[in-house]
Amino acid sequence: MRRTIASLLFFLSFTTAQAQSTGYSFTNYTVANGLADNSVNCILQDSRGFIWIGTREGLSRFDGTNFKNFFSRKDDPASLPGNIISTLTEYQPGQLLVSVNGKLTRFNTLTKQFQQLPAFAGRIVYEVNPYADKGYFVRCDDTCFIINRQLQVTGNIVPPLKTRGRSVNVYYLNDSLWLTGSQKEYFLYHVKDRSFSAFPLNIALPPEQQHFPFHCYDAKRQQLYFSNFWDGIYVYALNGQLLQHYRIGNAAAAVTEGNISFIKIRNDSTAWIGTLGSGLHILHLPTKQFTKVIASTQTGSLTNDIITSACTDRDQNEWLGTAGGITKQNAATAVINSWQTAPEGEAMTNLLNIKKGADGNIYAGSLGSRVVYKIAPGGNSLQQLDKTKIPGIWCLNNFGSDLVFAGNSSTFTKYDPVTAAYTRNNFLAPYFPTADLLILAFKHSNGDEWFSGNNGGGFVRISAKDNKVHVYKKDGPRGKFTISYYGSYAEDKNGDVWFGVNKTELLLHWNMQTDSFTEVSLGRLKGMNGDNLNGITDVICDNNNNLWVASDGSGIVKYNISAGTAEKFTRQDGLSTDYAFALQFDNKNRLWIGTSKGLSCFLTQEKKFINFSKADGLPDDHFIERCLFFDSTTSRLWAGSTNALMNFEPDVLLNMNKKTLPVYIDAIIVNGKNFTAADMDHIVFPASDNNLQFYFIGLDINNGKDIEYSYKLSGADKDWIYNADISNASYANLPHGKYTFTVRAKHKGDNEWTEMTVPLAFTIQPHWWQTWWFRVGLAIIVALLLFALVKAYLRRQLQKQKNTMEKELAIEQERTRMARELHDGLGSMLSGIKHSFSALKNNIALDTEQQTVFHSNIDKLNESIKELRNISHSIASESLMNYGLENSLRDYCNSMATPGVLNINFSALDTAQMQLTEEQSFHIFRIVQELINNILKHSGAANAIVQISCNSNRLYIAVEDDGKGFTLNENSTARGMGLRNIESRVKILKGKMDYRSTTEEGTSFLMEIPCMQKN
């Protein structure tokens, strides 16, 4: 029996019995796949693309691969308040409105938190219906509330019901007219004047059967659909006129039962009707005929006949909720014509070698059987050829204007599609005496006829030029070849023929010019890296004279004949599986590949695979060898599988597959605990929350498998981190700072990544000891501490220096005293002795010798007096011993001056009344002494000036030279201890000091010291 899904218009051409077959292919999901419960009440797709399923035992979210479930938990007040989910709707992006056990609850899908609405506390909510794009109608007992999208109650509708205590609902028809009431009676509500008008159904049923649930409004036709459990479906006009009554029954124009869960206008020509026991009813509106789809044990059928709800997603896939899980009809099934059952009722199996005949019909053979199907160009009819005239099919090929059928035995049959004439021929028997299969027969573009048999049969070629028979054996003179079993072939642009050597990696090349054979080992070609290739299953040549090879377990290979190079493509490159069995190019040079896991389309320029399976709408996804054919006249690709024959337009199917792959962060785990935040745009973690795990999803409802990820954490990662198919990333001990986490995803084999539209930005705060204020405070404390330490150190040094100077002063005073004693005491005594000896000389007559001795002693006494004076000057300044700073300085300057080397000019102004203490005189003398020493040692000066003057209790001291000077910004070490000693002495004298120095111009020191003046 024919099975087609190209359009729902096909129901016009078939009987009801035919329509009741498995006319739709479904993908089913149950608790075995992770669904919370098989009893489904409602389905919704949110703005991000997730499918939400409300069941009797919890809420499920489906991402195309996995289910994530939410249940009521006593220990979590933010969980579901119950598990019976009756309605689902999204009132804002990421925010669901959920009716749970009669309680209206909002659910934040980002934070995964539930919250009951206070406005409906204590009320039982039965249903929530959309109010255009403005808000919702909330059905409760006796009244229906109107809420806006901020969940604020903006009004209520209380129809004038005859019987109170019933739940009231409101259904939006248009901006000016609503339908309201209960299942017993209905009213039209006129929005403008807020008035009600009765909408009587006037159905003659017993009172106990007067229940008419409203299901939907067909806005295009302005029709309202009601149902009745006992009497079927009613269609009314807005004026109350009954337009159609679909009674209960088994006829094509009858509904099987009246227990209807929903009626949904699917498109301009069909309405989908869910029943609570008789499966899915599809109403063809122009003909008013039903197609009834029921559950069965056959793969791809409905999972259950109790259909509770329906949802059309953004890709136009249809999702049905049932009592046995959810079921999905892929939108692609609407563009794929398919057959699984022959007209005689037998299953169509193992279809291969699909070809187009000279009559324009499509022919497909069933491997190993005598069955060949003939399909009309428009796909409106399917019939079988005469089995008695067809051998068991191993090969079906075009043979000029004929078709050739070959298989069991060396006999083959030619079939003329135009005249339907069969011609059997067994002339090959002598050439293939041991062959039991004729596995290959075809006609070359030059008219040569080729045949190949198994069991060492080799080839037979009948030349079109002279009708001569050429026989080739594997050890023949035209070239040796290993095995004689060739199920596939391809003719290149030069007319050469390439054969796939069955179950090996060998290609057998026949050169038309030399009429010789050469074997090519694909695994040894440049580019194959020595990889072995499993058995060749099909070969085809492209427009650029490249040979493409399919293999049983090694993917596909592109062989550049002229360059002698090869390139292999496998599952790692995006192919659905490495088991490829059939190859076919379409009219846009796209290579279609039949595999054991579906159809793959290879975009040869982009090197990108697009894969299709039963989940993508194919009626079957296990394909066998040489099962593809492209009809360039209709631009349709035909494919035969183990259980179905199908055709479609490649452009249409590929355009349906052009979908984005949105990427979302699904969960954040911080220090092992789930993280939620009301504002995901401004996330701030404390310093200790620095161990993060991110879980993410590449969302593809149709094909959630084979998705690859890479991620990057800006602030930690320099480049993208490839994560294969692992959908989480972990970071441990992140330092404080600002970060941005982003993820990208792609299907395996795709060249382009899809990146998150809004990356996740967050901040990890520093520990208190890492904050700027702590560092500033610490710096201030350290600075103060250093200041205190330096101050204490300088104080100690100053005190130490002061103590040293006091000791020096005491020592100097003692030395001065000793010098005075020596000078005044011992010196006077020696001087007296000298004078006494001198006087004695005149009174004593001495001979010459005695005079010599006497004068020698006098000289020694003079030396002693001189030595005594030197000792005295070494203990204390001779000038100071002479009781005067001015004279001491003058004497010192004169003594230090060296003619021709250094001239020192000393002057004193207004110093007569100056009065200095002994300590002051000592320090001033040492200061001048140090400065003069510095001039002698370092300056290289020729002239120096020392000047003292007294004015207003101030002693001014100036010391200048014309030497080389020094740099004022030299550090303290370079300045030397001498300068620091001078500064210390000035501080002790409580004076001031200033000095200036210019390179090559000299240095000047000026000191101001307080002093006393004489009365």
# chains A, B, ... in the order shown; residues from 1 in each chain; ligands from 1
>>> select_by_dssp(residues="range 114-358 of chain A", states="strand (DSSP E or B)", output="MDAnalysis selection string")
chainID A and resid 114:116 127:131 135:141 144:148 153:157 167:174 177:181 186:190 195:198 214:218 223:228 232:237 242:246 248 255 260:265 270:276 280:284 289:293 295 302 306:312 318:322 325:329 337:339 341 347 351:356
>>> closest_atom_pairs(of="range 278-314 of chain A", to="range 261-274 of chain A", cutoff="9 Å", atoms="only C-alpha atoms", output="JSON lines")
{"residue": "A:Ser278", "atom": "CA", "partner": "A:Gly274", "partner_atom": "CA", "distance": 8.3}
{"residue": "A:Gly279", "atom": "CA", "partner": "A:Gly274", "partner_atom": "CA", "distance": 6.6}
{"residue": "A:Leu280", "atom": "CA", "partner": "A:Gly274", "partner_atom": "CA", "distance": 5.1}
{"residue": "A:His281", "atom": "CA", "partner": "A:Ile273", "partner_atom": "CA", "distance": 5.0}
{"residue": "A:Ile282", "atom": "CA", "partner": "A:Trp272", "partner_atom": "CA", "distance": 4.8}
{"residue": "A:Leu283", "atom": "CA", "partner": "A:Ala271", "partner_atom": "CA", "distance": 5.0}
{"residue": "A:His284", "atom": "CA", "partner": "A:Thr270", "partner_atom": "CA", "distance": 4.7}
{"residue": "A:Leu285", "atom": "CA", "partner": "A:Ser269", "partner_atom": "CA", "distance": 5.2}
{"residue": "A:Pro286", "atom": "CA", "partner": "A:Ser269", "partner_atom": "CA", "distance": 6.4}
{"residue": "A:Asp305", "atom": "CA", "partner": "A:Gly274", "partner_atom": "CA", "distance": 8.9}
{"residue": "A:Ile306", "atom": "CA", "partner": "A:Gly274", "partner_atom": "CA", "distance": 7.8}
{"residue": "A:Ile307", "atom": "CA", "partner": "A:Gly274", "partner_atom": "CA", "distance": 5.0}
{"residue": "A:Thr308", "atom": "CA", "partner": "A:Ser261", "partner_atom": "CA", "distance": 5.4}
{"residue": "A:Ser309", "atom": "CA", "partner": "A:Phe262", "partner_atom": "CA", "distance": 6.5}
{"residue": "A:Ala310", "atom": "CA", "partner": "A:Phe262", "partner_atom": "CA", "distance": 7.7}
{"residue": "A:Thr312", "atom": "CA", "partner": "A:Arg266", "partner_atom": "CA", "distance": 8.6}
>>> atom_distance(atom1="CA of Val520 in chain A", atom2="CA of Arg590 in chain A")
25.7 Å
>>> residues_around(residues="Tyr415 in chain A", least_positions_apart="4", cutoff="8 Å", atoms="only C-alpha atoms", output="ChimeraX atom specification")
/A:402-405,420-423
>>> atom_distance(atom1="CA of Ala295 in chain A", atom2="CA of Asn643 in chain A")
18.9 Å
>>> closest_residue(among="A:Asp436, A:Asp621, A:Glu449, A:Glu708", to="Tyr485 in chain A", atoms="only C-alpha atoms")
A:Asp436
>>> residues_around(residues="range 726-734 of chain A", least_positions_apart="3", cutoff="10 Å", atoms="only C-alpha atoms", output="MDAnalysis selection string")
chainID A and resid 665:671 687:698 707:713 715:716 721:723 737 739 743 745 764
>>> atom_distance(atom1="CA of Thr163 in chain A", atom2="CA of Ala121 in chain A")
24.6 Å
>>> residues_around(residues="Asn545 in chain A", least_positions_apart="2", cutoff="8 Å", atoms="only C-alpha atoms", output="list in words")
Asp492, Lys493, Cys541, Asp542, Asn543, Leu547, Asn560 and Ile561 of chain A
>>> residues_around(residues="Asn953 in chain A", least_positions_apart="5", cutoff="10 Å", atoms="only C-alpha atoms", output="MDAnalysis selection string")
chainID A and resid 913:915 1009:1014
>>> write_last_selection(atoms="N, CA and C atoms", output="tab-separated table (two decimals), in the first residue's frame")
chain	number	residue	atom	x	y	z
A	913	GLN	N	82.94	93.20	70.26
A	913	GLN	CA	81.97	92.99	71.32
A	913	GLN	C	81.44	91.55	71.35
A	914	MET	N	81.96	90.71	70.49
A	914	MET	CA	81.48	89.33	70.42
A	914	MET	C	81.92	88.56	71.65
A	915	GLN	N	80.97	87.80	72.20
A	915	GLN	CA	81.28	87.00	73.39
A	915	GLN	C	80.78	85.58	73.15
A	1009	ILE	N	75.11	81.95	63.50
A	1009	ILE	CA	75.12	81.32	64.83
A	1009	ILE	C	74.79	82.39	65.87
A	1010	PRO	N	73.83	82.09	66.73
A	1010	PRO	CA	73.52	83.08	67.78
A	1010	PRO	C	74.69	83.21	68.77
A	1011	CYS	N	74.92	84.46	69.26
A	1011	CYS	CA	76.02	84.69	70.23
A	1011	CYS	C	75.64	85.88	71.15
A	1012	MET	N	76.43	86.03	72.15
A	1012	MET	CA	76.22	87.13	73.09
A	1012	MET	C	77.18	88.27	72.75
A	1013	GLN	N	76.79	89.47	73.18
A	1013	GLN	CA	77.68	90.63	73.00
A	1013	GLN	C	78.02	91.19	74.38
A	1014	LYS	N	79.22	91.75	74.44
A	1014	LYS	CA	79.64	92.35	75.70
A	1014	LYS	C	78.84	93.61	75.98
>>> select_by_dssp(residues="range 361-536 of chain A", states="helix (DSSP H, G or I)", output="PyMOL selection string")
chain A and resi 387-389+522-524
>>> write_last_selection(atoms="all heavy atoms", output="PDB file, in the first residue's frame")
ATOM      1  N   LYS A 387       6.970 -10.938 -11.728  1.00  0.00           N
ATOM      2  CA  LYS A 387       8.023 -11.659 -11.013  1.00  0.00           C
ATOM      3  C   LYS A 387       8.549 -12.862 -11.792  1.00  0.00           C
ATOM      4  O   LYS A 387       9.719 -13.247 -11.645  1.00  0.00           O
ATOM      5  CB  LYS A 387       7.512 -12.140  -9.651  1.00  0.00           C
ATOM      6  CG  LYS A 387       7.211 -11.050  -8.659  1.00  0.00           C
ATOM      7  CD  LYS A 387       6.778 -11.657  -7.333  1.00  0.00           C
ATOM      8  CE  LYS A 387       6.492 -10.601  -6.291  1.00  0.00           C
ATOM      9  NZ  LYS A 387       6.072 -11.199  -4.994  1.00  0.00           N
ATOM     10  N   THR A 388       7.688 -13.470 -12.588  1.00  0.00           N
ATOM     11  CA  THR A 388       8.086 -14.711 -13.271  1.00  0.00           C
ATOM     12  C   THR A 388       9.142 -14.478 -14.342  1.00  0.00           C
ATOM     13  O   THR A 388       9.789 -15.428 -14.798  1.00  0.00           O
ATOM     14  CB  THR A 388       6.856 -15.377 -13.897  1.00  0.00           C
ATOM     15  OG1 THR A 388       6.305 -14.504 -14.895  1.00  0.00           O
ATOM     16  CG2 THR A 388       5.800 -15.660 -12.830  1.00  0.00           C
ATOM     17  N   LYS A 389       9.305 -13.220 -14.739  1.00  0.00           N
ATOM     18  CA  LYS A 389      10.228 -12.921 -15.820  1.00  0.00           C
ATOM     19  C   LYS A 389      11.497 -12.207 -15.335  1.00  0.00           C
ATOM     20  O   LYS A 389      12.277 -11.720 -16.144  1.00  0.00           O
ATOM     21  CB  LYS A 389       9.521 -12.068 -16.877  1.00  0.00           C
ATOM     22  CG  LYS A 389       8.322 -12.793 -17.506  1.00  0.00           C
ATOM     23  CD  LYS A 389       7.633 -11.914 -18.532  1.00  0.00           C
ATOM     24  CE  LYS A 389       6.444 -12.656 -19.160  1.00  0.00           C
ATOM     25  NZ  LYS A 389       5.753 -11.813 -20.163  1.00  0.00           N
ATOM     26  N   LEU A 522      43.999   1.927  -2.668  1.00  0.00           N
ATOM     27  CA  LEU A 522      43.693   3.247  -2.118  1.00  0.00           C
ATOM     28  C   LEU A 522      44.532   3.555  -0.885  1.00  0.00           C
ATOM     29  O   LEU A 522      44.947   4.692  -0.665  1.00  0.00           O
ATOM     30  CB  LEU A 522      42.205   3.336  -1.761  1.00  0.00           C
ATOM     31  CG  LEU A 522      41.234   3.466  -2.933  1.00  0.00           C
ATOM     32  CD1 LEU A 522      39.797   3.398  -2.446  1.00  0.00           C
ATOM     33  CD2 LEU A 522      41.466   4.762  -3.688  1.00  0.00           C
ATOM     34  N   GLY A 523      44.789   2.564  -0.071  1.00  0.00           N
ATOM     35  CA  GLY A 523      45.527   2.788   1.161  1.00  0.00           C
ATOM     36  C   GLY A 523      46.952   3.235   0.948  1.00  0.00           C
ATOM     37  O   GLY A 523      47.572   3.814   1.850  1.00  0.00           O
ATOM     38  N   ARG A 524      47.494   2.998  -0.248  1.00  0.00           N
ATOM     39  CA  ARG A 524      48.874   3.359  -0.530  1.00  0.00           C
ATOM     40  C   ARG A 524      49.001   4.699  -1.238  1.00  0.00           C
ATOM     41  O   ARG A 524      50.115   5.137  -1.543  1.00  0.00           O
ATOM     42  CB  ARG A 524      49.530   2.265  -1.373  1.00  0.00           C
ATOM     43  CG  ARG A 524      49.612   0.921  -0.657  1.00  0.00           C
ATOM     44  CD  ARG A 524      50.265  -0.126  -1.534  1.00  0.00           C
ATOM     45  NE  ARG A 524      50.312  -1.420  -0.848  1.00  0.00           N
ATOM     46  CZ  ARG A 524      50.818  -2.534  -1.388  1.00  0.00           C
ATOM     47  NH1 ARG A 524      51.314  -2.496  -2.636  1.00  0.00           N
ATOM     48  NH2 ARG A 524      50.815  -3.663  -0.718  1.00  0.00           N
TER      49      ARG A 524
END
>>> residues_around(residues="Ser445 in chain A", least_positions_apart="6", cutoff="9 Å", atoms="only C-alpha atoms", output="list in words")
Gly400, Glu491 and Gly495 of chain A
>>> write_last_selection(atoms="N, CA, C and O atoms", output="PDB file, in the first residue's frame")
ATOM      1  N   GLY A 400      21.141   1.142 -22.355  1.00  0.00           N
ATOM      2  CA  GLY A 400      20.621   1.882 -23.491  1.00  0.00           C
ATOM      3  C   GLY A 400      19.222   2.370 -23.168  1.00  0.00           C
ATOM      4  O   GLY A 400      18.972   2.960 -22.115  1.00  0.00           O
ATOM      5  N   GLU A 491      32.280   5.395 -14.730  1.00  0.00           N
ATOM      6  CA  GLU A 491      32.981   5.758 -15.956  1.00  0.00           C
ATOM      7  C   GLU A 491      33.468   7.196 -15.828  1.00  0.00           C
ATOM      8  O   GLU A 491      32.687   8.090 -15.506  1.00  0.00           O
ATOM      9  N   GLY A 495      36.415   7.971 -20.543  1.00  0.00           N
ATOM     10  CA  GLY A 495      35.822   6.710 -20.969  1.00  0.00           C
ATOM     11  C   GLY A 495      36.392   5.516 -20.254  1.00  0.00           C
ATOM     12  O   GLY A 495      35.932   4.378 -20.468  1.00  0.00           O
TER      13      GLY A 495
END
>>> closest_residue(among="A:Thr757, A:Thr518, A:Ser997, A:Thr89", to="Arg744 in chain A", atoms="only C-alpha atoms")
A:Thr757
>>> closest_atom_pairs(of="range 645-739 of chain A", to="range 627-639 of chain A", cutoff="7 Å", atoms="only C-alpha atoms", output="CSV")
residue,atom,partner,partner_atom,distance
A:Leu645,CA,A:Ala639,CA,6.0
A:Met646,CA,A:Ala639,CA,5.4
A:Asn647,CA,A:Trp638,CA,4.3
A:Phe648,CA,A:Arg636,CA,5.1
A:Glu649,CA,A:Arg636,CA,4.5
A:Pro650,CA,A:Leu637,CA,6.6
>>> write_last_selection(atoms="N, CA, C and O atoms", output="short mmCIF file (atom, residue, chain, number, x, y, z; two decimals), in the first residue's frame")
data_model
loop_
_atom_site.label_atom_id
_atom_site.label_comp_id
_atom_site.auth_asym_id
_atom_site.auth_seq_id
_atom_site.Cartn_x
_atom_site.Cartn_y
_atom_site.Cartn_z
N LEU A 645 11.06 3.03 0.50
CA LEU A 645 11.49 3.74 -0.70
C LEU A 645 11.02 5.18 -0.55
O LEU A 645 9.87 5.42 -0.16
N MET A 646 11.88 6.13 -0.84
CA MET A 646 11.53 7.54 -0.59
C MET A 646 12.12 8.42 -1.66
O MET A 646 13.08 8.04 -2.36
N ASN A 647 11.53 9.62 -1.81
CA ASN A 647 12.12 10.62 -2.68
C ASN A 647 11.78 12.00 -2.15
O ASN A 647 10.77 12.19 -1.46
N PHE A 648 12.63 12.98 -2.48
CA PHE A 648 12.45 14.35 -1.99
C PHE A 648 13.29 15.29 -2.84
O PHE A 648 14.17 14.85 -3.61
N GLU A 649 12.99 16.57 -2.71
CA GLU A 649 13.81 17.59 -3.35
C GLU A 649 14.94 17.97 -2.40
O GLU A 649 14.68 18.45 -1.29
N PRO A 650 16.17 17.78 -2.80
CA PRO A 650 17.30 18.08 -1.89
C PRO A 650 17.29 19.51 -1.37
O PRO A 650 17.56 19.75 -0.19
#
>>> closest_atom_pairs(of="range 542-609 of chain A", to="range 352-362 of chain A", cutoff="12 Å", atoms="only C-alpha atoms", output="Markdown table")
| residue | atom | partner | partner_atom | distance |
| --- | --- | --- | --- | --- |
| A:Phe581 | CA | A:Leu352 | CA | 10.4 |
| A:Ala582 | CA | A:Leu352 | CA | 9.2 |
| A:Leu583 | CA | A:Asn353 | CA | 11.3 |
| A:Gln584 | CA | A:Ile354 | CA | 11.1 |
| A:Gly594 | CA | A:Leu352 | CA | 10.8 |
